[in-house]
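J.: So I've got this file, final_37.cif, and it contains mmCIF, C-alpha atoms and all ligand atoms:
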```cif
data_protein
#
loop_
_atom_site.group_PDB
_atom_site.id
_atom_site.type_symbol
_atom_site.label_atom_id
_atom_site.label_comp_id
_atom_site.auth_asym_id
_atom_site.auth_seq_id
_atom_site.Cartn_x
_atom_site.Cartn_y
_atom_site.Cartn_z
ATOM 1 C CA MET A 5 -76.849 -88.669 -34.170
ATOM 2 C CA PHE A 6 -75.787 -86.532 -31.277
ATOM 3 C CA GLN A 7 -76.405 -82.917 -30.476
ATOM 4 C CA ARG A 8 -73.154 -81.065 -30.018
ATOM 5 C CA ASP A 9 -74.124 -80.165 -26.409
ATOM 6 C CA ALA A 10 -74.703 -83.805 -25.543
ATOM 7 C CA LEU A 11 -71.378 -84.714 -27.107
ATOM 8 C CA ARG A 12 -69.609 -82.011 -25.147
ATOM 9 C CA SER A 13 -71.147 -83.008 -21.834
ATOM 10 C CA ASP A 14 -70.315 -86.679 -22.433
ATOM 11 C CA LEU A 15 -66.749 -85.760 -23.223
ATOM 12 C CA GLU A 16 -66.606 -83.629 -20.109
ATOM 13 C CA ARG A 17 -68.008 -86.411 -17.971
ATOM 14 C CA ALA A 18 -65.425 -88.760 -19.440
ATOM 15 C CA GLY A 19 -62.750 -86.220 -18.549
ATOM 16 C CA CYS A 20 -61.496 -86.099 -22.106
ATOM 17 C CA ALA A 21 -59.937 -82.686 -21.975
ATOM 18 C CA VAL A 22 -57.654 -83.308 -24.907
ATOM 19 C CA ALA A 23 -60.411 -84.752 -27.029
ATOM 20 C CA ARG A 24 -62.699 -81.876 -26.039
ATOM 21 C CA THR A 25 -60.176 -79.323 -27.134
ATOM 22 C CA ARG A 26 -59.392 -81.187 -30.340
ATOM 23 C CA HIS A 27 -63.069 -81.675 -31.065
ATOM 24 C CA ALA A 28 -63.729 -77.963 -30.675
ATOM 25 C CA ALA A 29 -60.744 -77.135 -32.856
ATOM 26 C CA ILE A 30 -61.760 -79.581 -35.570
ATOM 27 C CA SER A 31 -65.365 -78.388 -35.494
ATOM 28 C CA SER A 32 -64.223 -74.838 -35.907
ATOM 29 C CA LEU A 33 -61.902 -75.816 -38.774
ATOM 30 C CA LYS A 34 -64.790 -77.591 -40.456
ATOM 31 C CA GLY A 35 -66.956 -74.492 -39.964
ATOM 32 C CA GLU A 36 -69.507 -76.405 -37.902
ATOM 33 C CA SER A 37 -71.679 -74.274 -35.659
ATOM 34 C CA PRO A 38 -72.065 -75.187 -31.985
ATOM 35 C CA GLY A 39 -75.616 -76.347 -32.687
ATOM 36 C CA SER A 40 -74.704 -78.664 -35.550
ATOM 37 C CA GLN A 41 -74.924 -82.420 -35.205
ATOM 38 C CA THR A 42 -72.219 -85.006 -35.080
ATOM 39 C CA VAL A 43 -73.057 -88.077 -37.118
ATOM 40 C CA TRP A 44 -71.653 -91.548 -36.692
ATOM 41 C CA HIS A 45 -69.853 -92.588 -39.838
ATOM 42 C CA GLY A 46 -69.866 -96.326 -40.340
ATOM 43 C CA THR A 47 -66.298 -96.332 -41.574
ATOM 44 C CA GLY A 48 -64.995 -94.629 -38.455
ATOM 45 C CA ASP A 49 -62.609 -92.730 -40.711
ATOM 46 C CA ARG A 50 -63.737 -89.290 -39.739
ATOM 47 C CA HIS A 51 -63.358 -89.972 -36.072
ATOM 48 C CA ASN A 52 -60.217 -91.985 -35.930
ATOM 49 C CA LEU A 53 -58.105 -91.211 -38.935
ATOM 50 C CA GLU A 54 -58.918 -87.559 -39.319
ATOM 51 C CA SER A 55 -59.849 -86.206 -35.919
ATOM 52 C CA GLY A 56 -58.219 -88.896 -33.803
ATOM 53 C CA ILE A 57 -60.937 -88.634 -31.160
ATOM 54 C CA LEU A 58 -61.681 -91.913 -29.448
ATOM 55 C CA CYS A 59 -63.346 -91.363 -26.132
ATOM 56 C CA GLY A 60 -66.541 -90.123 -24.528
ATOM 57 C CA VAL A 61 -69.534 -90.551 -26.792
ATOM 58 C CA GLU A 62 -67.508 -92.255 -29.463
ATOM 59 C CA LEU A 63 -66.373 -95.003 -27.151
ATOM 60 C CA PHE A 64 -69.937 -95.595 -25.990
ATOM 61 C CA GLU A 65 -71.105 -95.614 -29.603
ATOM 62 C CA ALA A 66 -68.548 -98.295 -30.426
ATOM 63 C CA ILE A 67 -69.581 -100.350 -27.410
ATOM 64 C CA GLN A 68 -73.255 -100.160 -28.331
ATOM 65 C CA ARG A 69 -72.796 -100.723 -32.054
ATOM 66 C CA ARG A 70 -70.492 -103.710 -31.826
ATOM 67 C CA ARG A 71 -72.046 -106.973 -33.005
ATOM 68 C CA SER A 72 -70.490 -110.351 -33.602
ATOM 69 C CA VAL A 73 -69.881 -110.469 -37.342
ATOM 70 C CA ARG A 74 -69.462 -113.873 -38.952
ATOM 71 C CA ALA A 75 -69.467 -112.945 -42.644
ATOM 72 C CA PHE A 76 -66.742 -110.749 -44.101
ATOM 73 C CA ALA A 77 -66.393 -108.889 -47.393
ATOM 74 C CA PRO A 78 -63.274 -109.755 -49.413
ATOM 75 C CA GLN A 79 -62.187 -106.084 -49.234
ATOM 76 C CA ALA A 80 -58.759 -105.736 -47.608
ATOM 77 C CA VAL A 81 -58.379 -103.861 -44.328
ATOM 78 C CA GLU A 82 -56.131 -100.827 -44.637
ATOM 79 C CA ALA A 83 -52.694 -101.316 -43.070
ATOM 80 C CA GLU A 84 -53.162 -98.115 -41.066
ATOM 81 C CA LYS A 85 -56.298 -99.515 -39.460
ATOM 82 C CA VAL A 86 -54.566 -102.771 -38.592
ATOM 83 C CA THR A 87 -51.785 -100.801 -36.938
ATOM 84 C CA ARG A 88 -54.288 -98.779 -34.945
ATOM 85 C CA ILE A 89 -55.999 -101.929 -33.761
ATOM 86 C CA LEU A 90 -52.689 -103.452 -32.675
ATOM 87 C CA LYS A 91 -51.712 -100.227 -30.917
ATOM 88 C CA ALA A 92 -55.045 -100.258 -29.075
ATOM 89 C CA ALA A 93 -54.339 -103.803 -27.892
ATOM 90 C CA ASN A 94 -50.867 -102.744 -26.822
ATOM 91 C CA ALA A 95 -52.385 -99.880 -24.792
ATOM 92 C CA ALA A 96 -54.461 -102.244 -22.659
ATOM 93 C CA PRO A 97 -53.585 -102.542 -18.988
ATOM 94 C CA SER A 98 -51.839 -105.678 -17.758
ATOM 95 C CA ALA A 99 -50.846 -107.103 -14.397
ATOM 96 C CA GLY A 100 -47.672 -105.350 -13.262
ATOM 97 C CA ASN A 101 -47.489 -103.965 -16.804
ATOM 98 C CA LEU A 102 -45.821 -107.221 -17.762
ATOM 99 C CA GLN A 103 -48.030 -107.730 -20.824
ATOM 100 C CA GLY A 104 -48.191 -111.449 -20.255
ATOM 101 C CA TYR A 105 -49.601 -112.244 -23.680
ATOM 102 C CA GLU A 106 -48.630 -112.519 -27.344
ATOM 103 C CA ILE A 107 -50.537 -111.607 -30.497
ATOM 104 C CA TYR A 108 -50.211 -113.721 -33.636
ATOM 105 C CA ARG A 109 -51.276 -112.333 -36.958
ATOM 106 C CA ILE A 110 -52.263 -115.266 -39.141
ATOM 107 C CA THR A 111 -51.524 -114.822 -42.796
ATOM 108 C CA PRO A 112 -54.100 -115.860 -45.411
ATOM 109 C CA GLY A 113 -53.842 -119.282 -46.978
ATOM 110 C CA LYS A 114 -52.963 -122.623 -45.502
ATOM 111 C CA GLU A 115 -52.419 -121.397 -41.942
ATOM 112 C CA ARG A 116 -55.751 -119.578 -41.911
ATOM 113 C CA ALA A 117 -57.622 -122.665 -43.124
ATOM 114 C CA ALA A 118 -55.903 -124.798 -40.470
ATOM 115 C CA LEU A 119 -56.910 -122.268 -37.820
ATOM 116 C CA ALA A 120 -60.540 -122.367 -38.955
ATOM 117 C CA ARG A 121 -60.467 -126.169 -38.689
ATOM 118 C CA ALA A 122 -58.870 -125.927 -35.232
ATOM 119 C CA ALA A 123 -61.761 -123.659 -34.260
ATOM 120 C CA LEU A 124 -64.245 -126.447 -34.809
ATOM 121 C CA ASN A 125 -64.664 -125.619 -38.487
ATOM 122 C CA GLN A 126 -65.790 -122.032 -38.018
ATOM 123 C CA LEU A 127 -64.980 -121.311 -41.612
ATOM 124 C CA PHE A 128 -65.668 -117.562 -41.464
ATOM 125 C CA ILE A 129 -62.259 -117.337 -39.787
ATOM 126 C CA ALA A 130 -60.639 -118.260 -43.089
ATOM 127 C CA GLN A 131 -62.783 -115.645 -44.854
ATOM 128 C CA ALA A 132 -61.680 -112.664 -42.735
ATOM 129 C CA PRO A 133 -58.940 -110.479 -44.236
ATOM 130 C CA VAL A 134 -57.232 -110.101 -40.851
ATOM 131 C CA VAL A 135 -57.057 -112.758 -38.142
ATOM 132 C CA LEU A 136 -55.399 -112.206 -34.783
ATOM 133 C CA VAL A 137 -54.853 -114.830 -32.118
ATOM 134 C CA PHE A 138 -54.388 -113.612 -28.560
ATOM 135 C CA CYS A 139 -52.409 -115.998 -26.374
ATOM 136 C CA ALA A 140 -51.595 -115.926 -22.698
ATOM 137 C CA ASN A 141 -47.885 -116.115 -21.986
ATOM 138 C CA PRO A 142 -47.910 -117.679 -18.504
ATOM 139 C CA ALA A 143 -44.122 -117.595 -18.103
ATOM 140 C CA ARG A 144 -44.066 -113.834 -18.550
ATOM 141 C CA SER A 145 -46.543 -113.232 -15.746
ATOM 142 C CA ALA A 146 -45.122 -115.996 -13.547
ATOM 143 C CA ALA A 147 -41.747 -114.249 -13.470
ATOM 144 C CA LYS A 148 -43.257 -111.749 -11.026
ATOM 145 C CA TYR A 149 -46.530 -113.244 -9.883
ATOM 146 C CA ARG A 150 -45.686 -116.952 -9.841
ATOM 147 C CA GLU A 151 -48.646 -119.311 -9.891
ATOM 148 C CA ARG A 152 -51.313 -116.576 -9.843
ATOM 149 C CA GLY A 153 -49.586 -114.816 -12.726
ATOM 150 C CA ALA A 154 -49.392 -118.007 -14.782
ATOM 151 C CA ARG A 155 -52.904 -119.204 -13.990
ATOM 152 C CA LEU A 156 -54.859 -115.941 -13.971
ATOM 153 C CA TYR A 157 -53.073 -112.718 -14.874
ATOM 154 C CA ALA A 158 -51.691 -113.911 -18.206
ATOM 155 C CA ILE A 159 -55.192 -114.914 -19.296
ATOM 156 C CA GLN A 160 -56.631 -111.626 -18.091
ATOM 157 C CA ASP A 161 -53.877 -109.712 -19.910
ATOM 158 C CA ALA A 162 -54.644 -111.494 -23.188
ATOM 159 C CA THR A 163 -58.379 -111.039 -22.691
ATOM 160 C CA ILE A 164 -58.342 -107.320 -22.077
ATOM 161 C CA ALA A 165 -55.909 -106.736 -24.949
ATOM 162 C CA CYS A 166 -58.285 -108.574 -27.257
ATOM 163 C CA ALA A 167 -61.235 -106.557 -25.937
ATOM 164 C CA PHE A 168 -59.356 -103.312 -26.676
ATOM 165 C CA ALA A 169 -58.577 -104.565 -30.197
ATOM 166 C CA MET A 170 -62.206 -105.503 -30.739
ATOM 167 C CA LEU A 171 -63.527 -102.099 -29.741
ATOM 168 C CA ALA A 172 -60.845 -100.322 -31.752
ATOM 169 C CA ALA A 173 -61.866 -102.343 -34.810
ATOM 170 C CA THR A 174 -65.511 -101.408 -34.224
ATOM 171 C CA ALA A 175 -64.584 -97.737 -33.916
ATOM 172 C CA LEU A 176 -62.788 -98.023 -37.258
ATOM 173 C CA GLY A 177 -65.922 -99.372 -38.952
ATOM 174 C CA LEU A 178 -64.805 -103.003 -38.999
ATOM 175 C CA GLY A 179 -66.574 -106.168 -37.949
ATOM 176 C CA THR A 180 -65.158 -108.734 -35.539
ATOM 177 C CA VAL A 181 -66.235 -111.778 -33.605
ATOM 178 C CA TRP A 182 -64.625 -113.188 -30.506
ATOM 179 C CA VAL A 183 -63.915 -116.858 -31.147
ATOM 180 C CA GLY A 184 -63.322 -118.911 -28.031
ATOM 181 C CA ALA A 185 -64.429 -122.340 -29.239
ATOM 182 C CA PHE A 186 -61.312 -124.104 -30.471
ATOM 183 C CA ASP A 187 -59.046 -127.027 -29.784
ATOM 184 C CA ASP A 188 -56.141 -125.553 -27.781
ATOM 185 C CA ALA A 189 -53.581 -128.066 -29.024
ATOM 186 C CA ALA A 190 -54.647 -127.659 -32.658
ATOM 187 C CA VAL A 191 -54.330 -123.856 -32.416
ATOM 188 C CA GLN A 192 -50.951 -124.214 -30.701
ATOM 189 C CA LYS A 193 -49.843 -126.408 -33.604
ATOM 190 C CA VAL A 194 -50.832 -123.725 -36.142
ATOM 191 C CA LEU A 195 -48.932 -121.119 -34.110
ATOM 192 C CA GLY A 196 -45.946 -123.401 -33.568
ATOM 193 C CA THR A 197 -45.947 -123.069 -29.774
ATOM 194 C CA ARG A 198 -46.598 -125.282 -26.794
ATOM 195 C CA ASP A 199 -45.853 -122.684 -24.127
ATOM 196 C CA LEU A 200 -48.553 -120.184 -24.946
ATOM 197 C CA LEU A 201 -52.239 -120.680 -24.199
ATOM 198 C CA PRO A 202 -54.571 -119.458 -26.951
ATOM 199 C CA VAL A 203 -57.285 -117.302 -25.382
ATOM 200 C CA ALA A 204 -59.185 -115.795 -28.305
ATOM 201 C CA ILE A 205 -59.187 -115.760 -32.082
ATOM 202 C CA LEU A 206 -60.279 -112.406 -33.497
ATOM 203 C CA PRO A 207 -61.234 -112.340 -37.189
ATOM 204 C CA ILE A 208 -61.455 -108.754 -38.456
ATOM 205 C CA GLY A 209 -62.809 -107.337 -41.689
ATOM 206 C CA TYR A 210 -65.519 -105.311 -43.351
ATOM 207 C CA ALA A 211 -68.847 -106.858 -42.436
ATOM 208 C CA ALA A 212 -70.846 -108.662 -45.100
ATOM 209 C CA GLU A 213 -73.844 -108.916 -42.771
ATOM 210 C CA GLU A 214 -75.681 -106.669 -40.349
ATOM 211 C CA PRO A 215 -76.468 -108.759 -37.297
ATOM 212 C CA GLU A 216 -79.344 -107.744 -35.059
ATOM 213 C CA PRO A 217 -78.495 -106.713 -31.510
ATOM 214 C CA THR A 218 -78.539 -109.596 -29.060
ATOM 215 C CA PRO A 219 -80.407 -109.365 -25.745
ATOM 216 C CA ARG A 220 -78.694 -108.721 -22.439
ATOM 217 C CA ARG A 221 -79.586 -109.379 -18.822
ATOM 218 C CA SER A 222 -81.148 -106.454 -17.011
ATOM 219 C CA LEU A 223 -78.829 -104.536 -14.742
ATOM 220 C CA SER A 224 -81.035 -105.452 -11.782
ATOM 221 C CA ASP A 225 -80.339 -109.131 -12.484
ATOM 222 C CA LEU A 226 -76.671 -108.617 -13.290
ATOM 223 C CA VAL A 227 -75.547 -106.183 -10.616
ATOM 224 C CA HIS A 228 -75.611 -107.213 -6.970
ATOM 225 C CA GLU A 229 -75.650 -104.655 -4.210
HETATM 226 C C1 LIG A 301 -65.564 -115.954 -24.501
HETATM 227 C C2 LIG A 301 -66.352 -115.884 -25.790
HETATM 228 C C3 LIG A 301 -66.304 -116.953 -26.655
HETATM 229 C C4 LIG A 301 -67.004 -116.875 -27.878
HETATM 230 N N1 LIG A 301 -66.840 -117.880 -28.794
HETATM 231 C C5 LIG A 301 -67.439 -117.773 -30.001
HETATM 232 C C6 LIG A 301 -67.186 -118.741 -31.008
HETATM 233 O O1 LIG A 301 -66.384 -119.644 -30.868
HETATM 234 N N2 LIG A 301 -67.825 -118.589 -32.198
HETATM 235 C C7 LIG A 301 -68.698 -117.571 -32.437
HETATM 236 O O2 LIG A 301 -69.253 -117.510 -33.535
HETATM 237 N N3 LIG A 301 -68.957 -116.617 -31.498
HETATM 238 C C8 LIG A 301 -68.348 -116.698 -30.289
HETATM 239 N N4 LIG A 301 -68.530 -115.718 -29.353
HETATM 240 C C9 LIG A 301 -69.432 -114.583 -29.648
HETATM 241 C C10 LIG A 301 -70.749 -114.697 -28.865
HETATM 242 O O3 LIG A 301 -71.528 -115.699 -29.415
HETATM 243 C C11 LIG A 301 -71.467 -113.340 -28.919
HETATM 244 O O4 LIG A 301 -70.640 -112.360 -28.338
HETATM 245 C C12 LIG A 301 -72.794 -113.346 -28.173
HETATM 246 O O5 LIG A 301 -73.705 -114.216 -28.784
HETATM 247 C C13 LIG A 301 -73.423 -111.952 -28.109
HETATM 248 O O6 LIG A 301 -73.627 -111.420 -29.408
HETATM 249 P P1 LIG A 301 -72.933 -110.060 -29.850
HETATM 250 O O7 LIG A 301 -71.450 -110.248 -29.763
HETATM 251 O O8 LIG A 301 -73.380 -109.817 -31.262
HETATM 252 O O9 LIG A 301 -73.392 -108.993 -28.919
HETATM 253 C C14 LIG A 301 -67.832 -115.756 -28.163
HETATM 254 C C15 LIG A 301 -67.848 -114.688 -27.270
HETATM 255 C C16 LIG A 301 -67.100 -114.734 -26.115
HETATM 256 C C17 LIG A 301 -67.062 -113.511 -25.227
#
```
Represent the structure from my file as structure tokens, please.

T.:
Amino acid sequence: MFQRDALRSDLERAGCAVARTRHAAISSLKGESPGSQTVWHGTGDRHNLESGILCGVELFEAIQRRRSVRAFAPQAVEAEKVTRILKAANAAPSAGNLQGYEIYRITPGKERAALARAALNQLFIAQAPVVLVFCANPARSAAKYRERGARLYAIQDATIACAFAMLAATALGLGTVWVGAFDDAAVQKVLGTRDLLPVAILPIGYAAEEPEPTPRRSLSDLVHE
């Protein structure tokens, strides 16, 4: 829970003028007083589908609340949410704005099971209602950046797009897990490509578990000055 003042100052710090204005307008429409509290809603609906705010405190909430989820409810993910996740990925920065990556949406059934096997039998992949595979497209980046584009930028492009998708899914109340352990060739076979390099598989769905937070290194160990 956040006090409205704290929310406002976080939004201001984040420079979210539009969100600030919209937040104030929505609060006033809802008849909330300046002292009332803003509550995180697990579904993310209030924030993202109704108010459309996705910055400042809400972004930090999503970052802190994200956990790797490896058990998914059978409940379908709303098409609107899937679109928002894909749009978030598409909004990610990329080297030279070339977007040197591709996203595959794997349909349920045979393909999904084959993908789970290709990912060293991580069977929760087959359980998730939505599965995205982010692939580097080296040729796209190489067109401008040659070897560095093919070797590095395309992978970075795919990685940051997947990270945006992951956080968007969290903000929408969905669970995800970044899957990096897979047999490249086996995933390529499922996708029907030999030119793209699979970077991450992202199963998405409503969580059927509540994982505990995992520990992190201290900033003093992590950050070097
Ligand atoms: C590059 C990368 C590869 C990962 N590969 C897998 C994987 O193959 N299977 C899996 O269950 N989790 C995988 N994870 C998730 C990590 O295990 C998880 O992020 C880490 O334990 C921290 O837990 P948290 O995500 O709940 O904070 C991967 C994460 C990253 C960033």

J.: Would you mind listing the residues within 10 Å of ligand LIG 301 (chain A), counting only C-alpha atoms and all ligand atoms, as a VMD selection string?

T.: chain A and resid 67 to 74 123 to 129 163 167 180 to 186 203 to 206 214 to 220

J.: Decode the PyMOL selection byres (((chain A and resi 131) around 10) and not hetatm) for the given file into explicit residues and return them as a list in words.

T.: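 That expression, the PyMOL selection byres (((chain A and resi 131) around 10) and not hetatm), corresponds here to Arg74, Ala75, Phe76, Ala77, Pro78, Pro112, Gly113, Arg116, Ala117, Ala120, Gln126, Leu127, Phe128, Ile129, Ala130, Ala132, Pro133, Val134, Val135, Pro207, Ile208 and Gly209 of chain A.
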
J.: At what distance in Å, to one decimal, does atom CA of Gln79 of chain A lie from atom CA of Gly196 of chain A?

T.: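 Separation between atom CA of Gly196 of chain A and atom CA of Gln79 of chain A: 28.4 Å.
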
J.: Can you pull out the residues contacting segment 187-189 of chain A? Cut-off 10 Å, using only C-alpha atoms, and skip same-chain residues under 6 positions away; I want them as an MDAnalysis selection string.

T.: chainID A and resid 119 121:124 195 197:198 200:203

J.: For the residues in that selection, give me C-alpha atoms as a PDB file, in the coordinates of the input.

T.:
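Wrote it out as result_24.pdb, contents follow:
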```
ATOM      1  CA  LEU A 119     -56.910-122.268 -37.820  1.00  0.00           C
ATOM      2  CA  ARG A 121     -60.467-126.169 -38.689  1.00  0.00           C
ATOM      3  CA  ALA A 122     -58.870-125.927 -35.232  1.00  0.00           C
ATOM      4  CA  ALA A 123     -61.761-123.659 -34.260  1.00  0.00           C
ATOM      5  CA  LEU A 124     -64.245-126.447 -34.809  1.00  0.00           C
ATOM      6  CA  LEU A 195     -48.932-121.119 -34.110  1.00  0.00           C
ATOM      7  CA  THR A 197     -45.947-123.069 -29.774  1.00  0.00           C
ATOM      8  CA  ARG A 198     -46.598-125.282 -26.794  1.00  0.00           C
ATOM      9  CA  LEU A 200     -48.553-120.184 -24.946  1.00  0.00           C
ATOM     10  CA  LEU A 201     -52.239-120.680 -24.199  1.00  0.00           C
ATOM     11  CA  PRO A 202     -54.571-119.458 -26.951  1.00  0.00           C
ATOM     12  CA  VAL A 203     -57.285-117.302 -25.382  1.00  0.00           C
TER      13      VAL A 203
END
```

J.: Show me, as a PyMOL selection string, the residues that have an atom within 12 Å of Lys91 of chain A when counting all atoms listed in the file, minus same-chain residues fewer than 3 positions from it.

T.: chain A and resi 84-88+94-96+107+165-166+168-170+172-173

J.: Can you list, as a list of chain:residue names, every protein, DNA or RNA residue that comes within 12 Å of Ala146 of chain A when you count only C-alpha atoms, leaving out same-chain residues fewer than 6 positions away?

T.: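 Here the answer would be A:Ala99, A:Gly100, A:Leu102, A:Gln103, A:Gly104, A:Tyr105, A:Ala140, A:Arg152, A:Gly153, A:Ala154, A:Arg155, A:Leu156, A:Tyr157, A:Ala158, A:Ile159.
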
J.: Write a file of the selected residues as a short mmCIF file (atom, residue, chain, number, x, y, z; two decimals), keeping the file's coordinate frame, keeping C-alpha atoms.

T.:
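That gives us out_14.cif:
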```
data_model
loop_
_atom_site.label_atom_id
_atom_site.label_comp_id
_atom_site.auth_asym_id
_atom_site.auth_seq_id
_atom_site.Cartn_x
_atom_site.Cartn_y
_atom_site.Cartn_z
CA ALA A 99 -50.85 -107.10 -14.40
CA GLY A 100 -47.67 -105.35 -13.26
CA LEU A 102 -45.82 -107.22 -17.76
CA GLN A 103 -48.03 -107.73 -20.82
CA GLY A 104 -48.19 -111.45 -20.26
CA TYR A 105 -49.60 -112.24 -23.68
CA ALA A 140 -51.60 -115.93 -22.70
CA ARG A 152 -51.31 -116.58 -9.84
CA GLY A 153 -49.59 -114.82 -12.73
CA ALA A 154 -49.39 -118.01 -14.78
CA ARG A 155 -52.90 -119.20 -13.99
CA LEU A 156 -54.86 -115.94 -13.97
CA TYR A 157 -53.07 -112.72 -14.87
CA ALA A 158 -51.69 -113.91 -18.21
CA ILE A 159 -55.19 -114.91 -19.30
#
```

J.: Need the axis-aligned box for segment 76-92 of chain A with 3 Å each side, so what are the centre and edges in Å to one decimal, as JSON?

T.:
```
{"center_x": -59.2, "center_y": -104.4, "center_z": -39.2, "size_x": 21.0, "size_y": 18.6, "size_z": 26.3}
```

J.: Atom CA of Val81 of chain A to atom CA of Ala190 of chain A: how many Å, to one decimal?

T.: 26.8 Å

J.: Between atom CA of Glu213 of chain A and atom CA of Ile164 of chain A, what is the distance in Å, rounded to a tenth?

T.: 25.9 Å

J.: For Tyr108 of chain A, which residue out of A:Glu82, A:Val137, A:Glu65, A:Leu226 is the nearest one, using only C-alpha atoms?

T.: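 Among A:Glu82, A:Val137, A:Glu65, A:Leu226, it is A:Val137 that comes nearest to Tyr108 of chain A.
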